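query02.pdb follows (PDB, C-alpha atoms):
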MODEL        1
ATOM      1  CA  MET A  21       8.353 119.302 104.646
ATOM      2  CA  PRO A  22       4.921 120.959 104.884
ATOM      3  CA  ALA A  23       2.946 121.652 101.726
ATOM      4  CA  PRO A  24       3.198 125.211 100.424
ATOM      5  CA  ALA A  25       0.310 127.476 101.429
ATOM      6  CA  TRP A  26      -0.983 127.787  97.861
ATOM      7  CA  LEU A  27      -1.214 123.989  97.543
ATOM      8  CA  GLY A  28      -2.926 123.594 100.912
ATOM      9  CA  ALA A  29      -5.505 126.197  99.878
ATOM     10  CA  LEU A  30      -6.141 124.459  96.551
ATOM     11  CA  GLU A  31      -6.324 120.858  97.782
ATOM     12  CA  PRO A  32      -9.876 120.974  99.232
ATOM     13  CA  ARG A  33     -11.203 122.287  95.911
ATOM     14  CA  ALA A  34      -9.066 120.044  93.659
ATOM     15  CA  PRO A  35      -8.165 116.938  95.689
ATOM     16  CA  ASP A  36      -7.734 114.575  92.747
ATOM     17  CA  VAL A  37      -5.568 117.000  90.772
ATOM     18  CA  VAL A  38      -3.382 117.656  93.817
ATOM     19  CA  ALA A  39      -3.083 113.941  94.671
ATOM     20  CA  CYS A  40      -1.906 113.159  91.145
ATOM     21  CA  TRP A  41       0.493 116.094  91.112
ATOM     22  CA  LEU A  42       2.072 114.969  94.381
ATOM     23  CA  VAL A  43       3.214 111.727  92.699
ATOM     24  CA  ALA A  44       3.849 113.201  89.233
ATOM     25  CA  ASP A  45       7.601 112.689  89.506
ATOM     26  CA  ARG A  46       7.076 108.897  89.500
ATOM     27  CA  LEU A  47       5.384 107.447  86.412
ATOM     28  CA  ARG A  48       3.753 104.327  87.869
ATOM     29  CA  PRO A  49       2.183 106.035  90.884
ATOM     30  CA  LEU A  50       1.009 108.880  88.647
ATOM     31  CA  ARG A  51      -0.660 106.529  86.159
ATOM     32  CA  ARG A  52      -2.206 104.575  89.052
ATOM     33  CA  GLU A  53      -3.659 107.740  90.611
ATOM     34  CA  LEU A  54      -4.958 108.986  87.264
ATOM     35  CA  ARG A  55      -6.662 105.652  86.629
ATOM     36  CA  ARG A  56      -8.144 105.501  90.119
ATOM     37  CA  ARG A  57      -9.440 109.063  90.130
ATOM     38  CA  ALA A  58     -10.662 109.453  86.525
ATOM     39  CA  GLY A  59     -13.018 106.512  86.132
ATOM     40  CA  PRO A  60     -16.608 106.331  84.945
ATOM     41  CA  GLY A  61     -18.764 109.308  85.838
ATOM     42  CA  THR A  62     -15.919 111.566  86.970
ATOM     43  CA  ALA A  63     -15.773 114.147  84.150
ATOM     44  CA  ALA A  64     -18.071 116.722  85.782
ATOM     45  CA  GLY A  65     -16.271 116.492  89.123
ATOM     46  CA  VAL A  66     -12.844 116.760  87.523
ATOM     47  CA  LEU A  67     -14.059 119.770  85.533
ATOM     48  CA  GLY A  68     -15.014 121.431  88.818
ATOM     49  CA  GLN A  69     -11.505 120.788  90.081
ATOM     50  CA  GLN A  70     -10.073 122.222  86.873
ATOM     51  CA  GLU A  71     -12.087 125.380  87.545
ATOM     52  CA  ALA A  72     -10.452 125.591  90.971
ATOM     53  CA  VAL A  73      -7.032 125.247  89.338
ATOM     54  CA  ALA A  74      -7.936 127.971  86.829
ATOM     55  CA  ASP A  75      -9.008 130.192  89.741
ATOM     56  CA  ALA A  76      -5.595 129.610  91.335
ATOM     57  CA  LEU A  77      -3.810 130.431  88.072
ATOM     58  CA  GLU A  78      -5.869 133.604  87.745
ATOM     59  CA  ALA A  79      -5.154 134.619  91.348
ATOM     60  CA  VAL A  80      -1.383 134.222  91.082
ATOM     61  CA  LEU A  81      -1.317 136.004  87.729
ATOM     62  CA  GLY A  82      -3.220 138.889  89.301
ATOM     63  CA  ALA A  83      -0.791 139.033  92.225
ATOM     64  CA  VAL A  84       2.507 139.146  90.348
ATOM     65  CA  PRO A  85       3.990 142.474  89.241
ATOM     66  CA  ASP A  86       4.079 143.305  85.548
ATOM     67  CA  GLU A  87       7.864 142.979  85.376
ATOM     68  CA  LEU A  88       7.617 139.308  86.332
ATOM     69  CA  LEU A  89       5.779 138.619  83.054
ATOM     70  CA  ARG A  90       9.072 139.240  81.205
ATOM     71  CA  ALA A  91      11.242 137.300  83.685
ATOM     72  CA  PRO A  92      12.502 133.772  82.918
ATOM     73  CA  GLY A  93       9.472 131.493  83.250
ATOM     74  CA  GLY A  94      10.971 128.209  84.417
ATOM     75  CA  GLU A  95      10.315 126.420  81.114
ATOM     76  CA  GLU A  96      12.969 126.222  78.390
ATOM     77  CA  ASP A  97      14.126 129.792  77.667
ATOM     78  CA  TRP A  98      10.590 131.201  77.811
ATOM     79  CA  ASN A  99       9.519 134.143  79.902
ATOM     80  CA  VAL A 100       6.596 133.977  82.351
ATOM     81  CA  ALA A 101       4.082 135.286  79.789
ATOM     82  CA  GLN A 102       5.124 132.641  77.262
ATOM     83  CA  THR A 103       4.949 129.900  79.879
ATOM     84  CA  PHE A 104       1.537 130.991  81.174
ATOM     85  CA  ALA A 105       0.127 131.139  77.632
ATOM     86  CA  HIS A 106       1.618 127.683  76.984
ATOM     87  CA  ALA A 107      -0.210 126.342  80.051
ATOM     88  CA  THR A 108      -3.545 127.728  78.839
ATOM     89  CA  GLY A 109      -2.964 126.204  75.406
ATOM     90  CA  SER A 110      -2.156 122.825  76.942
ATOM     91  CA  ARG A 111      -5.356 122.986  79.006
ATOM     92  CA  ARG A 112      -7.326 123.377  75.785
ATOM     93  CA  TRP A 113      -5.426 121.006  73.524
ATOM     94  CA  LEU A 114      -4.911 117.951  75.752
ATOM     95  CA  VAL A 115      -8.537 117.853  76.833
ATOM     96  CA  HIS A 116      -9.851 118.626  73.334
ATOM     97  CA  ALA A 117      -7.868 115.659  71.983
ATOM     98  CA  ALA A 118      -9.568 113.412  74.548
ATOM     99  CA  ALA A 119     -12.956 114.883  73.605
ATOM    100  CA  LEU A 120     -12.324 114.071  69.939
ATOM    101  CA  THR A 121     -11.645 110.479  70.933
ATOM    102  CA  ALA A 122     -14.765 110.347  73.105
ATOM    103  CA  ALA A 123     -16.884 111.669  70.244
ATOM    104  CA  GLY A 124     -15.359 109.187  67.787
ATOM    105  CA  GLN A 125     -13.890 112.071  65.789
ATOM    106  CA  TRP A 126     -10.153 111.515  66.179
ATOM    107  CA  PRO A 127      -8.763 112.400  62.716
ATOM    108  CA  ALA A 128      -7.297 109.381  60.960
ATOM    109  CA  ASP A 129      -4.319 111.417  59.770
ATOM    110  CA  ALA A 130      -3.643 113.137  63.123
ATOM    111  CA  PRO A 131      -0.289 112.295  64.673
ATOM    112  CA  PRO A 132      -0.897 110.709  68.071
ATOM    113  CA  GLN A 133       2.329 112.038  69.612
ATOM    114  CA  VAL A 134       2.034 115.112  71.816
ATOM    115  CA  ARG A 135       4.193 117.748  70.195
ATOM    116  CA  PRO A 136       6.768 119.629  72.233
ATOM    117  CA  GLY A 137       5.342 122.557  74.126
ATOM    118  CA  VAL A 138       4.780 125.753  72.215
ATOM    119  CA  PRO A 139       5.438 129.053  73.978
ATOM    120  CA  GLY A 140       2.884 131.827  73.932
ATOM    121  CA  PRO A 141       3.691 135.359  72.791
ATOM    122  CA  ALA A 142       6.663 136.842  74.637
ATOM    123  CA  ASP A 143       5.021 140.259  74.908
ATOM    124  CA  ALA A 144       1.595 139.094  76.133
ATOM    125  CA  ASP A 145       0.188 141.401  78.783
ATOM    126  CA  ARG A 146      -1.911 140.422  81.794
ATOM    127  CA  ALA A 147      -5.209 141.094  79.977
ATOM    128  CA  THR A 148      -4.178 138.826  77.094
ATOM    129  CA  LEU A 149      -3.129 136.060  79.470
ATOM    130  CA  LEU A 150      -6.422 136.311  81.366
ATOM    131  CA  MET A 151      -8.312 136.125  78.054
ATOM    132  CA  LEU A 152      -6.362 132.975  77.131
ATOM    133  CA  LEU A 153      -7.174 131.460  80.513
ATOM    134  CA  ALA A 154     -10.871 132.266  80.011
ATOM    135  CA  LYS A 155     -10.759 130.592  76.581
ATOM    136  CA  SER A 156      -9.223 127.519  78.177
ATOM    137  CA  ARG A 157     -12.044 127.389  80.736
ATOM    138  CA  GLY A 158     -14.694 127.435  78.022
ATOM    139  CA  SER A 159     -12.893 124.897  75.881
ATOM    140  CA  MET A 160     -12.338 122.604  78.843
ATOM    141  CA  ALA A 161     -16.037 122.744  79.781
ATOM    142  CA  THR A 162     -17.063 121.814  76.231
ATOM    143  CA  SER A 163     -14.523 118.989  76.108
ATOM    144  CA  ALA A 164     -15.487 117.650  79.552
ATOM    145  CA  ALA A 165     -19.116 117.429  78.407
ATOM    146  CA  ALA A 166     -17.993 115.308  75.447
ATOM    147  CA  ILE A 167     -15.808 113.126  77.688
ATOM    148  CA  ALA A 168     -18.632 112.491  80.185
ATOM    149  CA  GLY A 169     -19.716 108.878  79.812
ATOM    150  CA  HIS A 170     -16.531 108.055  77.892
ATOM    151  CA  GLU A 171     -13.962 108.522  80.645
ATOM    152  CA  THR A 172     -12.523 105.010  80.262
ATOM    153  CA  GLU A 173     -12.134 105.051  76.476
ATOM    154  CA  ARG A 174      -8.526 104.841  75.377
ATOM    155  CA  SER A 175      -7.180 107.834  73.508
ATOM    156  CA  PRO A 176      -4.539 107.454  70.790
ATOM    157  CA  LEU A 177      -2.782 110.553  72.116
ATOM    158  CA  ASP A 178       0.720 109.604  73.265
ATOM    159  CA  HIS A 179       2.605 111.853  75.685
ATOM    160  CA  PRO A 180       6.399 111.510  75.893
ATOM    161  CA  LEU A 181       6.300 111.381  79.709
ATOM    162  CA  VAL A 182       3.064 109.552  80.596
ATOM    163  CA  GLY A 183       2.352 107.593  77.414
ATOM    164  CA  LYS A 184      -1.229 106.885  76.385
ATOM    165  CA  LEU A 185      -4.092 107.686  78.741
ATOM    166  CA  ARG A 186      -7.842 107.248  78.755
ATOM    167  CA  CYS A 187     -10.117 110.189  78.000
ATOM    168  CA  GLY A 188     -10.963 110.950  81.633
ATOM    169  CA  GLU A 189      -7.315 110.614  82.579
ATOM    170  CA  TRP A 190      -6.381 113.307  80.043
ATOM    171  CA  LEU A 191      -8.946 115.617  81.614
ATOM    172  CA  LEU A 192      -7.333 115.071  85.007
ATOM    173  CA  PHE A 193      -3.737 115.134  83.726
ATOM    174  CA  ALA A 194      -4.264 118.608  82.258
ATOM    175  CA  GLY A 195      -4.605 119.815  85.845
ATOM    176  CA  VAL A 196      -1.363 118.100  86.832
ATOM    177  CA  HIS A 197       0.369 120.025  84.050
ATOM    178  CA  ASP A 198      -1.271 123.234  85.302
ATOM    179  CA  LEU A 199       0.042 122.650  88.826
ATOM    180  CA  MET A 200       3.576 122.347  87.501
ATOM    181  CA  HIS A 201       3.244 125.858  86.085
ATOM    182  CA  LEU A 202       1.358 127.128  89.113
ATOM    183  CA  GLU A 203       4.244 125.986  91.295
ATOM    184  CA  GLN A 204       6.692 127.786  88.995
ATOM    185  CA  LEU A 205       4.697 131.024  89.266
ATOM    186  CA  HIS A 206       4.572 130.856  93.052
ATOM    187  CA  ARG A 207       8.290 130.098  93.245
ATOM    188  CA  LEU A 208       9.159 132.986  90.910
ATOM    189  CA  ALA A 209       6.885 135.374  92.801
ATOM    190  CA  GLY A 210       8.498 134.260  96.078
ATOM    191  CA  GLU A 211      11.989 134.838  94.684
ATOM    192  CA  LEU A 212      10.961 138.343  93.641
ATOM    193  CA  VAL A 213       9.832 139.129  97.193
ATOM    194  CA  ALA A 214      12.901 137.535  98.858
TER     195      ALA A 214
ENDMDL
END

Just give me the structure as structure tokens.
Amino acid sequence: MPAPAWLGALEPRAPDVVACWLVADRLRPLRRELRRRAGPGTAAGVLGQQEAVADALEAVLGAVPDELLRAPGGEEDWNVAQTFAHATGSRRWLVHAAALTAAGQWPADAPPQVRPGVPGPADADRATLLMLLAKSRGSMATSAAAIAGHETERSPLDHPLVGKLRCGEWLLFAGVHDLMHLEQLHRLAGELVA
């Protein structure tokens, strides 16, 4: 089965994110790809790929009609606006947690378990969602700068699906999570057209 057009367009700009996403349904291959692609000196390059993913999220959000924002979003019982806002929050939080580790500032009393996803506001409009995406870009850039040089440090953060990752791997994994939601948006937009 050929790759969807949106993925083919993104792959040249985010090859490591796409490669990890393509094996994300199998834990061992995913962890292997994250480890291989998020080693020493990779933070700046992965950040560039995360910018490409953010561009893709922005493009699909701009292309969907307003009524789709209130449609079921493919995650729990959330609508599209809630799911999109959740994705922007995850971009910020997962990478910030790795940056705290890299800076030696992980709070001693912080629970290491990733909490279940939190939906964004159900009534968020396109402008609000774009603002949240912009905030995630800025936060991710700040966090990537802190992670640079510390990509292979182990983070105490524990995800229920992938377990514990290294700081650079969290930076890359955030993009894998984004692609899951990007795929949902493209599928929902396609169903609306069909």

### Task
Please evaluate the PyMOL selection byres ((chain A and resi 87) around 12) against the displayed coordinates and give the resulting residues as an MDAnalysis selection string.
chainID A and resid 81 83:86 88:93 99:101 143:146 208:209 212

Write the residues you've just listed into a file as a PDB file, keeping the file's coordinate frame, and include C-alpha atoms for each of them.
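So the final result, stored in selection_34.pdb, reads:
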ATOM      1  CA  LEU A  81      -1.317 136.004  87.729  1.00  0.00           C
ATOM      2  CA  ALA A  83      -0.791 139.033  92.225  1.00  0.00           C
ATOM      3  CA  VAL A  84       2.507 139.146  90.348  1.00  0.00           C
ATOM      4  CA  PRO A  85       3.990 142.474  89.241  1.00  0.00           C
ATOM      5  CA  ASP A  86       4.079 143.305  85.548  1.00  0.00           C
ATOM      6  CA  LEU A  88       7.617 139.308  86.332  1.00  0.00           C
ATOM      7  CA  LEU A  89       5.779 138.619  83.054  1.00  0.00           C
ATOM      8  CA  ARG A  90       9.072 139.240  81.205  1.00  0.00           C
ATOM      9  CA  ALA A  91      11.242 137.300  83.685  1.00  0.00           C
ATOM     10  CA  PRO A  92      12.502 133.772  82.918  1.00  0.00           C
ATOM     11  CA  GLY A  93       9.472 131.493  83.250  1.00  0.00           C
ATOM     12  CA  ASN A  99       9.519 134.143  79.902  1.00  0.00           C
ATOM     13  CA  VAL A 100       6.596 133.977  82.351  1.00  0.00           C
ATOM     14  CA  ALA A 101       4.082 135.286  79.789  1.00  0.00           C
ATOM     15  CA  ASP A 143       5.021 140.259  74.908  1.00  0.00           C
ATOM     16  CA  ALA A 144       1.595 139.094  76.133  1.00  0.00           C
ATOM     17  CA  ASP A 145       0.188 141.401  78.783  1.00  0.00           C
ATOM     18  CA  ARG A 146      -1.911 140.422  81.794  1.00  0.00           C
ATOM     19  CA  LEU A 208       9.159 132.986  90.910  1.00  0.00           C
ATOM     20  CA  ALA A 209       6.885 135.374  92.801  1.00  0.00           C
ATOM     21  CA  LEU A 212      10.961 138.343  93.641  1.00  0.00           C
TER      22      LEU A 212
END

### Task
May I ask which of the residues A:Leu152, A:Trp190, A:Pro132, A:Val38 is the closest one to Phe104 of chain A, counting only C-alpha atoms?
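Closest residue, counting only C-alpha atoms: A:Leu152.
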
### Distance criterion (all atoms listed in the file): nearest to Val80 of chain A out of A:Leu50, A:Pro141, A:Leu149, A:Ser156
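Looking only at the distances to Val80 of chain A, the closest residue turns out to be A:Leu149.
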
### Message
With the PyMOL selection byres ((chain A and resi 175) around 6) as the selection, what would be picked from this file? Answer as a list in words, please.
### Response
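Matching residues under the PyMOL selection byres ((chain A and resi 175) around 6) are Thr121, Arg174, Pro176, Leu177, Arg186 and Cys187 of chain A.
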
#### Entry: Distance in Å - atom CA of Glu95 of chain A versus atom CA of Val73 of chain A
19.2 Å

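With the shown file loaded, the PyMOL selection byres ((chain A and resi 108) around 9) picks out Thr103, Phe104, Ala105, His106, Ala107, Gly109, Ser110, Arg111, Arg112, Trp113, Leu149, Leu152, Leu153, Ala154, Lys155, Ser156, Arg157 and Asp198 of chain A.
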
### Task
Check the smallest atom-to-atom distance from each of A:Cys40, A:Trp126, A:Ala161, A:Ala166 to Arg52 of chain A using all atoms listed in the file, then report the winner.
A:Cys40

### Query
Which distance in Å separates atom CA of Gly188 of chain A and atom CA of Ala58 of chain A, to one decimal?
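Straight-line distance from atom CA of Gly188 of chain A to atom CA of Ala58 of chain A works out to 5.1 Å.
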
### Query
Which of these, A:Ala147, A:Ala39, A:Leu199, A:Ala164, has the shortest distance to Leu77 of chain A once you count all atoms listed in the file?
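With all atoms listed in the file as the atom set, the closest residue is A:Leu199.
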